Structures are given as structure tokens and as C-alpha cells.
Amino acid sequence: MTAAVLAPDAAVVDSRRLALRDARTVAPGLLPFGMLLGVTVVSTGASGLAGVLGGPIVYGGSAQLTALTLLDRGLGLAAVVLSAAVVNARLLLYSAALGHRFRAQPALFRWLAPHFIIDQTYLMADSHPELAGRDFRRYWTWLGGTVLVVWTGSIALGVVLAPMLPPLPHLTLVGTAMFLGLLVPRLVDRPAVVAAVVGGGVAAAVSWVLPAAGIVAGAVAGVAAAMAVSRDD
Amino acid sequence: MTELVAMLVLGAVCWVFRIVFVLLVPATALPARVRRGLDHLAPAVLAGIAAVELTGTMGAGDLRSNLLALGAMAVVAGIARRFGNLSLTVVAALAAVLAIDLLVR
């Protein structure tokens with residue numbers, strides 16, 4: 001066999017390397033949020049096992065946090081799931097935005113891989129529109145899998161370290177900073193700025209009245225405003 | 001046990017959200033206008049998440065720590081704009097959080 005035959009496909013290696021680089025980029029922002037979730041699991045008296053298993057099962061920190069907090073307040077299962085589902089309703093938007101990239105993939109990938117859709121993976125994949133077919137499949141599997149491991153590990157770490165950690169009420173700001181860091185480079189044209197200003201403003205306003213619906217309301221309003229501005233331009 | 005059941009049911013609901021436009025309704029079936037609008041989703045949702053997280057943190061603190069947190073986030077946004085380096089942005093935020101929660105409060 002020649003060296004050329006033995007050498008791994010360059011595109012495959014690149015998509016894997018790209019995925020690991022992107023996972024490394026978002027990991028520092030995920031870690032504090034996951035730990036905070038783990039600490040919350042302990043402080044609400046919830047089962048640590050349910051908290052840690054909920055990481056990969058729900059794969060959505062804000063929805064899981066909402067569910068655990070509402071269960072702690074004594075709400076019924078249906079009300080808890082409904083409220084937490086509203087928090088994660090933005091997954092519908094991500095599904096619509098990424099849907100075309102899953103369309104021509106094998107059936108198993110189309111059924112299972114959408115589970116990796118979260119804020120960070122959507123945003124990272126959105127930055128690489130050139131990846132398609134096998135490259136996208138390889139990229140998405142490595143990115144989603146690695147982020148899932150980091151996420152679940154950080155929740156477990158929070159559960160274990162909870163009794164030793166000092167109170168850090170502003171720890172969530174590290175996650176906020178990650179989203180700001182992803183947002184700022186995208187503000188390159190008028191529609192993007194309008195989407196961000198309207199999206200942020202509406203999300204903040206709605207979250208005062210109905211915290212669970214803030215993000216999805218902001219996203220829809222921001223997209224609508226950007227579309228209106230694009231039409232004017 | 002209730003928590004685990006809640007996680008399983010919530011996980012199933014979230015999975016359905018994730019597959020809606022992958023398996024159930026092809027994203028190509030959406031009107032072209034809506035598909036074009038989704039190009040603007042990333043900045044809208046990022047700003048929305050940051051705003052909601054910030055207002056949530058504000059609601060839980062006193063005026064002094066709220067002002068410190070807002071100032072810290074303004075500095076962090078400036079660092080993100082100046083250097084365009086996500087790791088540096090997150091490390092700056094972590095330093096600010098530790099300073100606010102361990103030294104200032």
C-alpha cells in the first residue's frame with residue numbers, strides 16, 4: 001500500500017479538527033454554566049443522578065435549570081415540562097435553520113444527530129456554511145459529541161464540588177460573556193445590528209413578564225426586524 | 001424519581017423540537033421569505049440570550065453588584081470587539097466575576 005492510500009482523507013481530518021477547535025472555543029463558556037447547574041441540583045435537594053443524567057438527556061441547560069427549579073417549588077410534572085419546553089422553543093428555530101444540512105444525510109444521522117442541536121453547536125455550524133455531506137456529518141458528530149461530554153462533565157463537577165464552592169452569584173455572567181463574544185463579530189451589517197438590538201430588547205422586556213418566553217420572543221422579533229430592514233435596503 | 005421522569009419527558013419534547021424541520025417538515029417547505037429571515041437568527045438569538053441572562057442576574061442582586069456586573073459586561077464586550085478572541089473574552093469575564101463575588105462583595 002502506498003502512503004497516499006494510508007493517509008486519512010484531508011477533508012475528513014479537517015472537519016474533525018475544525019469541530020474540536022470549535023468545541024474548545026465554546027467549552028470555557030459552557031463549563032461555569034454546567035457547574036452552576038450542578039450546584040443548583042444540590043442546593044434544591046434534587047437527585048444528583050437525575051441532574052447529571054439530565055445533561056445528556058435534555059441537553060439544554062436553561063430548560064433543565066427551569067425544570068429543576070419548578071420541581072423544587074412543588075409544581076406538577078406537566079406544568080414543569082411545559083414551562084421548560086417553552087424555554088427551549090428556540091430549538092425549533094435552530095431546526096429550521098439547520099434542516100437543509102441534515103436533509104441529504106443517512107437516516108440514522110437524521111434521526112439521532114439533531115439531538116446535538118443547542119445554542120453553541122448551532123452557532124458554530126452556522127459559521128461553517130461550506131461544510132456539507134460527509135464533512136458536515138463528521139464535523140457535527142465530533143462537535144456535538146465533544147460538547148456533550150464537556151457539558152455533562154461540568155454538571156457532574158458542579159454536583160461534586162457544590163459543598164466546597166463559595167457563593168458565586170455572578171457565575172452565569174461567564175456564559176453571558178461567551179454569547180457576547182460570539183455576537184460582537186457578527187454585527188457586520190445593518191440587518192445584523194437591528195436583529196441584535198431588537199432581539200435583545202424584546203427578550204429582556206418579555207423576560208420581565210414571562211421569563212420562559214424571553215429568548216424565543218426576542219429571536220422572532222429580531223429576525224422579523226432584520227427582515228424588514230433588509231427589504232428596505 | 002420525579003426529577004428523572006421530568007428529565008426524560010423534557011428530553012423527548014426537546015428532541016421533537018430538534019427534529020421538526022429535519023424529519024417532519026422539510027426546511028425547504030418553508031416560504032423563501034422565512035428561510036431568508038433565518039439568516040438573521042444568530043445575532044437575534046445571541047442578543048436575546050445575553051439580555052435574558054443579564055436581566056436575570058440583575059434581578060437577583062443589589063444596586064452596587066448590578067452596576068459592577070453591567071460595567072464588567074461592557075468591558076467584556078469591548079474586549080470581544082477589540083481582540084475578536086472568544087477565549088480571551090471568557091477569561092476576562094471569569095476574572096471579573098471572581099473579582100465581584102470574592103473581592104468586592
# chains A, B, ... in the order shown; residues from 1 in each chain; ligands from 1
>>> select_by_dssp(residues="chain B", states="alpha helix (DSSP H)", output="VMD selection string")
chain B and resid 2 to 19 32 to 37 41 to 60 63 to 83 86 to 98
>>> residues_around(residues="stretch 225-228 of chain A", least_positions_apart="4", cutoff="9 Å", atoms="only C-alpha atoms", output="list in words")
Arg190, Pro191, Ala192, Val193, Val194, Ala195, Ala196, Val198, Gly199, Val220, Ala221, Asp232 and Asp233 of chain A; Arg33, Val34, Arg36, Gly37, His40 and Ala44 of chain B
>>> closest_residue(among="B:Ala92, B:Val13, B:Met1, B:Val22", to="A:Val87", atoms="only C-alpha atoms")
B:Val13
>>> residues_around(residues="stretch 18-33 of chain A", least_positions_apart="6", cutoff="10 Å", atoms="only C-alpha atoms", output="NGL selection string")
(:A and (12 or 39 or 61-62 or 120-121 or 123-125 or 127-128 or 136 or 138-148 or 150-155 or 157-158 or 171-179 or 181-182)) or (:B and (85-91 or 93-94))
>>> residues_around(residues="B:Gly61", least_positions_apart="5", cutoff="10 Å", atoms="only C-alpha atoms", output="PyMOL selection string")
(chain A and resi 169-170) or (chain B and resi 56+66-67+69)
>>> residues_around(residues="A:Pro114", least_positions_apart="4", cutoff="10 Å", atoms="only C-alpha atoms", output="list in words")
Leu91, Tyr94, Ser95, Leu98, Gly99, Phe102, Phe109, Arg110, Ile118, Trp140, Thr141 and Gly144 of chain A; Trp15, Val16, Phe17, Arg18, Ile19, Val20, Phe21, Val22 and Leu23 of chain B
>>> closest_residue(among="A:Val58, A:Val149, A:Ala204, A:Ala46", to="A:Ala217", atoms="only C-alpha atoms")
A:Ala204
>>> closest_residue(among="A:Ala97, A:Ala205, A:Leu112, A:Val159", to="B:Ala27", atoms="only C-alpha atoms")
A:Ala97
>>> closest_residue(among="B:Asp62, B:Glu3, B:Asp101, B:Glu53", to="A:Gly214", atoms="only C-alpha atoms")
B:Glu53
>>> residues_around(residues="A:Leu53", least_positions_apart="3", cutoff="9 Å", atoms="only C-alpha atoms", output="list of chain:residue names")
A:Gly48, A:Leu49, A:Ala50, A:Pro56, A:Ile57, A:Val58, A:Thr152, B:Leu4, B:Met7
>>> write_last_selection(atoms="all heavy atoms", output="short mmCIF file (atom, residue, chain, number, x, y, z; two decimals), in the first residue's frame")
data_model
loop_
_atom_site.label_atom_id
_atom_site.label_comp_id
_atom_site.auth_asym_id
_atom_site.auth_seq_id
_atom_site.Cartn_x
_atom_site.Cartn_y
_atom_site.Cartn_z
N GLY A 48 -28.75 14.04 42.53
CA GLY A 48 -27.57 14.34 41.72
C GLY A 48 -27.54 13.52 40.44
O GLY A 48 -27.15 14.00 39.39
N LEU A 49 -28.01 12.27 40.56
CA LEU A 49 -28.02 11.38 39.39
C LEU A 49 -28.95 11.94 38.31
O LEU A 49 -28.60 11.98 37.13
CB LEU A 49 -28.48 9.97 39.82
CG LEU A 49 -28.46 8.91 38.72
CD1 LEU A 49 -27.03 8.60 38.29
CD2 LEU A 49 -29.18 7.65 39.17
N ALA A 50 -30.14 12.40 38.74
CA ALA A 50 -31.10 12.97 37.77
C ALA A 50 -30.52 14.23 37.15
O ALA A 50 -30.69 14.47 35.96
CB ALA A 50 -32.42 13.28 38.46
N PRO A 56 -27.13 15.01 29.38
CA PRO A 56 -27.21 14.46 28.02
C PRO A 56 -28.63 14.20 27.54
O PRO A 56 -28.88 14.22 26.34
CB PRO A 56 -26.41 13.16 28.11
CG PRO A 56 -26.37 12.81 29.55
CD PRO A 56 -26.46 14.10 30.31
N ILE A 57 -29.56 13.95 28.46
CA ILE A 57 -30.94 13.63 28.02
C ILE A 57 -31.64 14.88 27.49
O ILE A 57 -32.20 14.89 26.40
CB ILE A 57 -31.75 13.00 29.18
CG1 ILE A 57 -31.21 11.61 29.53
CG2 ILE A 57 -33.23 12.91 28.80
CD1 ILE A 57 -31.81 11.00 30.78
N VAL A 58 -31.60 15.95 28.27
CA VAL A 58 -32.28 17.19 27.84
C VAL A 58 -31.36 17.97 26.91
O VAL A 58 -31.79 18.51 25.90
CB VAL A 58 -32.65 18.06 29.07
CG1 VAL A 58 -33.27 19.36 28.63
CG2 VAL A 58 -33.58 17.30 30.01
N THR A 152 -21.84 17.50 30.22
CA THR A 152 -22.20 16.53 31.26
C THR A 152 -21.14 16.50 32.36
O THR A 152 -21.46 16.44 33.55
CB THR A 152 -22.38 15.12 30.64
OG1 THR A 152 -23.24 15.22 29.51
CG2 THR A 152 -22.96 14.15 31.63
N LEU B 4 -36.13 12.47 37.54
CA LEU B 4 -35.65 11.69 36.40
C LEU B 4 -36.74 11.56 35.33
O LEU B 4 -36.46 11.69 34.13
CB LEU B 4 -35.21 10.30 36.89
CG LEU B 4 -34.33 9.51 35.92
CD1 LEU B 4 -33.10 10.29 35.48
CD2 LEU B 4 -33.90 8.18 36.54
N MET B 7 -36.95 14.77 33.50
CA MET B 7 -35.84 14.92 32.54
C MET B 7 -36.11 14.10 31.27
O MET B 7 -35.85 14.56 30.17
CB MET B 7 -34.51 14.45 33.17
CG MET B 7 -33.99 15.28 34.33
SD MET B 7 -33.69 16.99 33.91
CE MET B 7 -34.95 17.81 34.83
#
>>> closest_residue(among="B:Leu70, B:Leu63, B:Asp39, B:Ala6", to="B:Ala51", atoms="only C-alpha atoms")
B:Leu70
>>> closest_residue(among="A:Ala96, A:Val80, A:Met35, A:Val86", to="B:Pro26", atoms="only C-alpha atoms")
A:Ala96
>>> atom_distance(atom1="atom CA of B:Ala50", atom2="atom CA of B:Leu102")
23.1 Å
